[in-house]
There are 2 protein chains.
Amino acid sequence: MIRLFLRSTVNSVRKMSTSAAGTEPAPAKVAKAVNAGAKQKKSKKNDLYLLKTPKGTKDWADKDMVLREEIFGTLSKVFKRHGGVTIDTPVFELREFLTGKYGEDSKLIYNLEDQGGELTSLRYDLTVPFARFVATNSIANIKRYHIAKVYRRDQPAMTKGRMREFYQCDFDVAGAYDTMIPDAEVLAVTCEGLLGLGIRDFKIKVNHRKILDGIFQACGVKEEDVRKISSAVDKLDKLPWEAVKKEMTVEKGQLEEVADKIGEFVKVSGSIVQTLDYLRSATLLKDSEAAQQGIKDMESLAEYAEAFSIEGHLSFDLSLARGLDYYTGMIFEAVTAGSAPPTNAEELKKKAQGKEAGKEVEDASEYVGIGSVAAGGRYDNLVGMFSNGKTVPCVGTSFGVERLFSIVKARSAKDWDKLSPTHTDVFIMAFGGGEGWTGFLKERMAVAKKLWTAGVNAEYVYKAKVNPRKQFDAAEKSGAKVAVILGKEEFPAGKVRVKILGRGDDSTEGDLVDADNFVDYVKEQLSSYHEDGVDVVARMVKNL
Amino acid sequence: MIRLFLRSTVNSVRKMSTSAAGTEPAPAKVAKAVNAGAKQKKSKKNDLYLLKTPKGTKDWADKDMVLREEIFGTLSKVFKRHGGVTIDTPVFELREFLTGKYGEDSKLIYNLEDQGGELTSLRYDLTVPFARFVATNSIANIKRYHIAKVYRRDQPAMTKGRMREFYQCDFDVAGAYDTMIPDAEVLAVTCEGLLGLGIRDFKIKVNHRKILDGIFQACGVKEEDVRKISSAVDKLDKLPWEAVKKEMTVEKGQLEEVADKIGEFVKVSGSIVQTLDYLRSATLLKDSEAAQQGIKDMESLAEYAEAFSIEGHLSFDLSLARGLDYYTGMIFEAVTAGSAPPTNAEELKKKAQGKEAGKEVEDASEYVGIGSVAAGGRYDNLVGMFSNGKTVPCVGTSFGVERLFSIVKARSAKDWDKLSPTHTDVFIMAFGGGEGWTGFLKERMAVAKKLWTAGVNAEYVYKAKVNPRKQFDAAEKSGAKVAVILGKEEFPAGKVRVKILGRGDDSTEGDLVDADNFVDYVKEQLSSYHEDGVDVVARMVKNL
């Protein structure tokens, strides 16, 4: 009894989290049942069979999958436009390559069991495998993109979009080139990617590690403390200055005077030109070789950003520090203000409130407006860590595709019903009945075959005999735009009926067409249908 | 010293296995060096750093990646044409879901380390996760396709294409429908997929588990021995009858008389109609309910295959048994005779001989003509194993995409040089020199930006000043079809030069075009270029 009950409640919860639209709030008692089940599981492990995906993972399906493919396709096109090629590395790497690359977060790496042979771990990001790839294959230069899943044994928080298996989407330029040229292009790619996803109200905060390091040192931070002070500064987008200052002085042992000097710098942001003016006039930085090098780089960036007409999206923000250790030059982070809230914000809010009970229920609205949607920077030494010093300088951008997916989906709520999970264009039906009615199954199959051969996506109901209502329902579910109808009298007389679907116009019976050349007629109807601009998913992603 | 030496030799070997064309034979001493290194590794583990992917895995890159994407795209289109939707399940599943599904092969499952929490394993195929998905989400019917990697801790044999991480490409129809209709469509999808990949000389062997079971029982095999006798019969494509008979009698304890009776049946093959005639006249099967049910199914299949015009590809072969336990109805396997050997077979053979020394070197020619290129069947009980009996009948096909990749690649050897790893259309160059020559870097960037905005794939050299030769070399490497040239005198006068590339025609200097509207002109040139039919990768995959 417990077993059956458990399965069905878990199924209900799961169903809610995967079915996209029209989700019902999870009643509290379901959550309780699941918890009770979890306790049961410990005592009667073998008897219970929780039909779920592992913690922190999920199934992707249905309309979500169509939207996701369109988003990935849009970004891939941007990468290809800039000469990008894609690669595919193994999902696990030799463990030794991952250790020592992620600092404290190394504890979140998934290890594969030692079943004899090499020790391996699931990839934690796409950057370290990329550096390994460049080193392994002795590549001197490449512009590569990679859209793939990465793995982190973090405490999952589905409502915040933190998963243990999730996608990353990276574009990186490896190779020794003239200063800041690929850096500028990486920013251009970031802009094009976000604009391609219909995100128009974004800012890219940029900064430079050498300038930051120069500031810290000029303010009196010892070399060995630079990284930890940098990580304190990195919190300024979430914490007020007073809290960060306290971390620097109380926790990280800097003098109040040092912290105050840093405070003066990190509150500066503006256009690249404005912040450069400030930095050039900062007497404290005059003798810092690092800072002066960084300033020179940012001067080049200002020029190139102008050539690419992206300067309007950039903000040179001295408080941007970025967490990862391996950055060596320009760093950046794209944020969207959430200034255009989803049109159905109220509705989503209500749903979210109703959902508190169901723990694993996902809600897109909660991601919107939170954190960065793309980020990256220059890392010149990572490849060298694999190839014993023979390094290849790199710079790259990473799109937060899971977050971007949530933004696009929340924004598309009003069109969600119109989105079809299938790509079916034509549905083939047979109308008839009475004595001697066969259902025209083989005839429908032969008609389908003709359409398939012509490259047309076509379906029919997998039953010998089926009534018109059920066929129309199946056609609607399939998202088909055109029906090809085989009538009991018409078809033997060499005619089929071609009817446009989904226009709420059930009055017409469609056009009677010669069965010999109905394919061309159907294709015409489809092309005129598409001219009307009904590619729902493209409209969603482009935010039209 | 050892460290450096090791790395460089491993790199050489690796490089050979990932760089596609023009591979050099690996000298024996490289293999020895690598072996020596492996021994060293045990004793001085921390000092050595083998820059490789884990055993049985590899990096995909460059032209291979372009070809692979075209193949996956071609198959995806076929699946969508039949109403297929794609899903994405986690790369690991709860371990309990995988155990007990793969018989002896369960020992090849990759487990994730127990780091606290649930026990999980990497997926072994896409079928069991699909069944779990259908059960988890309480799906009544779906046509789903899934192209993704699966994991098996097998002894890798790269020369035979046996890897530990490899792709599967599955299309399955789940749902309760009228008998054999989805089965026939799955065979139609298999035909369309292979034809879409330019494979024309294939046969699909079909059989039916119920007929096989009926035969075995009618011949005197006890119910509990049926599966193991079935697995002996499954070897008939590799072993002669005498060897299989010996396995049945000596190893598996059947009477000689029983084996001989089976032998009469399993040598029968022909068109569906022919084999059906034989079966209908077999008095031994008259009383076998299972066999008669199977015969009825195959009669339906014969009709539907005719409606789909695929009967010419089908061969009803009573020796086909298929290894997996979970099949319950029709089973099939598509084989290609290798009757069209690659045009460069001799060359590939020579290469293969030269490569014996380098263990991990891959050679496509060795896969060609070996084994099946697609296979599948009906499995009506698998979903029920997850959902406590509430089953959803399924039938599906799985393409051997790694093998198909090798076939297409081997076949495309003569065009391989023409294939570009990038999708770049336009290369922007600056010609000049002498006093006051800036290199027009910002100008090239601005021109690139205009092209990108118009959706044109464009690159330029990431250097401030670069000579024409280097720009042409980079353009050639990028595969660009058109050059936009900014001349020292012409550009300030408002003109750019547009030159078609790659036609071995260096004499012309291209057309002088107004810098204000060069984008339209470039697009015209590109569309005329494409009309010439130079989409190399599509031609390769379609086998034109």
# chains A, B, ... in the order shown; residues from 1 in each chain; ligands from 1
>>> closest_atom_pairs(of="chain A", to="chain B", cutoff="7 Å", atoms="only C-alpha atoms", output="CSV")
residue,atom,partner,partner_atom,distance
A:Asn11,CA,B:Thr136,CA,5.8
A:Arg14,CA,B:Asn137,CA,6.6
A:Lys15,CA,B:Asn137,CA,5.4
A:Leu51,CA,B:Thr136,CA,5.4
A:Lys52,CA,B:Thr136,CA,6.2
A:Thr53,CA,B:Glu93,CA,6.2
A:Pro54,CA,B:Leu94,CA,5.8
A:Thr57,CA,B:Pro90,CA,6.2
A:Lys58,CA,B:Pro90,CA,6.4
A:Asp59,CA,B:Thr89,CA,4.7
A:Trp60,CA,B:Asp88,CA,4.9
A:Ala61,CA,B:Ile87,CA,4.6
A:Met65,CA,B:Ile87,CA,6.6
A:Lys80,CA,B:His423,CA,6.0
A:Arg81,CA,B:Asn457,CA,3.7
A:His82,CA,B:Ala458,CA,5.9
A:Gly83,CA,B:Thr424,CA,5.5
A:Gly84,CA,B:Thr422,CA,6.6
A:Val85,CA,B:Thr422,CA,5.6
A:Thr86,CA,B:Ala61,CA,6.8
A:Ile87,CA,B:Ala61,CA,4.6
A:Asp88,CA,B:Trp60,CA,4.9
A:Thr89,CA,B:Asp59,CA,4.7
A:Pro90,CA,B:Thr57,CA,6.2
A:Glu93,CA,B:Pro54,CA,6.0
A:Leu94,CA,B:Pro54,CA,5.7
A:Asn111,CA,B:Glu113,CA,5.4
A:Leu112,CA,B:Leu112,CA,4.2
A:Glu113,CA,B:Glu113,CA,4.0
A:Thr136,CA,B:Leu51,CA,5.3
A:Asn137,CA,B:Lys15,CA,5.3
A:Ser138,CA,B:Asn11,CA,7.0
A:Tyr177,CA,B:Tyr462,CA,5.7
A:Asp178,CA,B:Lys463,CA,5.1
A:Ile181,CA,B:Tyr462,CA,5.9
A:Pro182,CA,B:Tyr462,CA,6.7
A:Tyr304,CA,B:Lys442,CA,6.4
A:Ala307,CA,B:Ala446,CA,5.0
A:Phe308,CA,B:Ala446,CA,5.7
A:Pro421,CA,B:Val85,CA,6.6
A:Thr422,CA,B:Val85,CA,5.6
A:His423,CA,B:Lys80,CA,6.0
A:Thr424,CA,B:Gly83,CA,5.5
A:Lys442,CA,B:Ala307,CA,5.5
A:Met445,CA,B:Ala307,CA,5.9
A:Ala446,CA,B:Ala307,CA,5.0
A:Lys449,CA,B:Phe308,CA,5.7
A:Trp452,CA,B:Arg81,CA,6.6
A:Val456,CA,B:Arg81,CA,6.3
A:Asn457,CA,B:Arg81,CA,3.7
A:Ala458,CA,B:His82,CA,5.9
A:Glu459,CA,B:His82,CA,6.1
A:Tyr462,CA,B:Tyr177,CA,5.7
A:Lys463,CA,B:Asp178,CA,5.1
A:Ala464,CA,B:Asp178,CA,6.8
>>> select_by_dssp(residues="region 403-509 of chain B", states="strand (DSSP E)", output="list in words")
Val426, Phe427, Ile428, Met429, Ala430, Phe431, Ala458, Glu459, Tyr460, Val482, Ala483, Val484, Ile485, Leu486, Gly487, Lys495, Val496, Arg497, Val498, Lys499 and Ile500 of chain B
>>> select_by_dssp(residues="region 67-245 of chain A", states="helix (DSSP H, G or I)", output="ChimeraX atom specification")
/A:67-81,95-98,103-108,127-136,158-160,181-196,209-219,223-237,241-245
>>> residues_around(residues="Ile71 (chain B)", least_positions_apart="3", cutoff="12 Å", atoms="only C-alpha atoms", output="PyMOL selection string")
chain B and resi 64-68+74-78+147+169+193-198+399-409+537-543
>>> residues_around(residues="Tyr327 (chain B)", least_positions_apart="4", cutoff="9 Å", atoms="only C-alpha atoms", output="PyMOL selection string")
chain B and resi 209+322+331+376-382+395
>>> closest_residue(among="A:Ala259, A:Val498, A:Ala218, A:Ile272", to="Ala290 (chain A)", atoms="only C-alpha atoms")
A:Ala218
>>> residues_around(residues="region 230-244 of chain B", least_positions_apart="6", cutoff="7 Å", atoms="only C-alpha atoms", output="ChimeraX atom specification")
/B:319-323
>>> write_last_selection(atoms="N, CA and C atoms", output="tab-separated table (two decimals), in the first residue's frame")
chain	number	residue	atom	x	y	z
B	319	SER	N	16.66	-16.49	-38.20
B	319	SER	CA	17.85	-16.64	-37.35
B	319	SER	C	18.12	-15.40	-36.51
B	320	LEU	N	17.39	-14.30	-36.79
B	320	LEU	CA	17.63	-13.08	-36.01
B	320	LEU	C	17.00	-13.24	-34.63
B	321	ALA	N	17.81	-13.09	-33.58
B	321	ALA	CA	17.27	-13.29	-32.23
B	321	ALA	C	17.44	-12.04	-31.35
B	322	ARG	N	18.49	-11.25	-31.57
B	322	ARG	CA	18.81	-10.06	-30.76
B	322	ARG	C	19.12	-10.42	-29.32
B	323	GLY	N	20.18	-9.84	-28.82
B	323	GLY	CA	20.66	-10.20	-27.49
B	323	GLY	C	19.77	-9.80	-26.33
>>> atom_distance(atom1="CA of Gly384 (chain B)", atom2="CA of Asp297 (chain B)")
22.1 Å
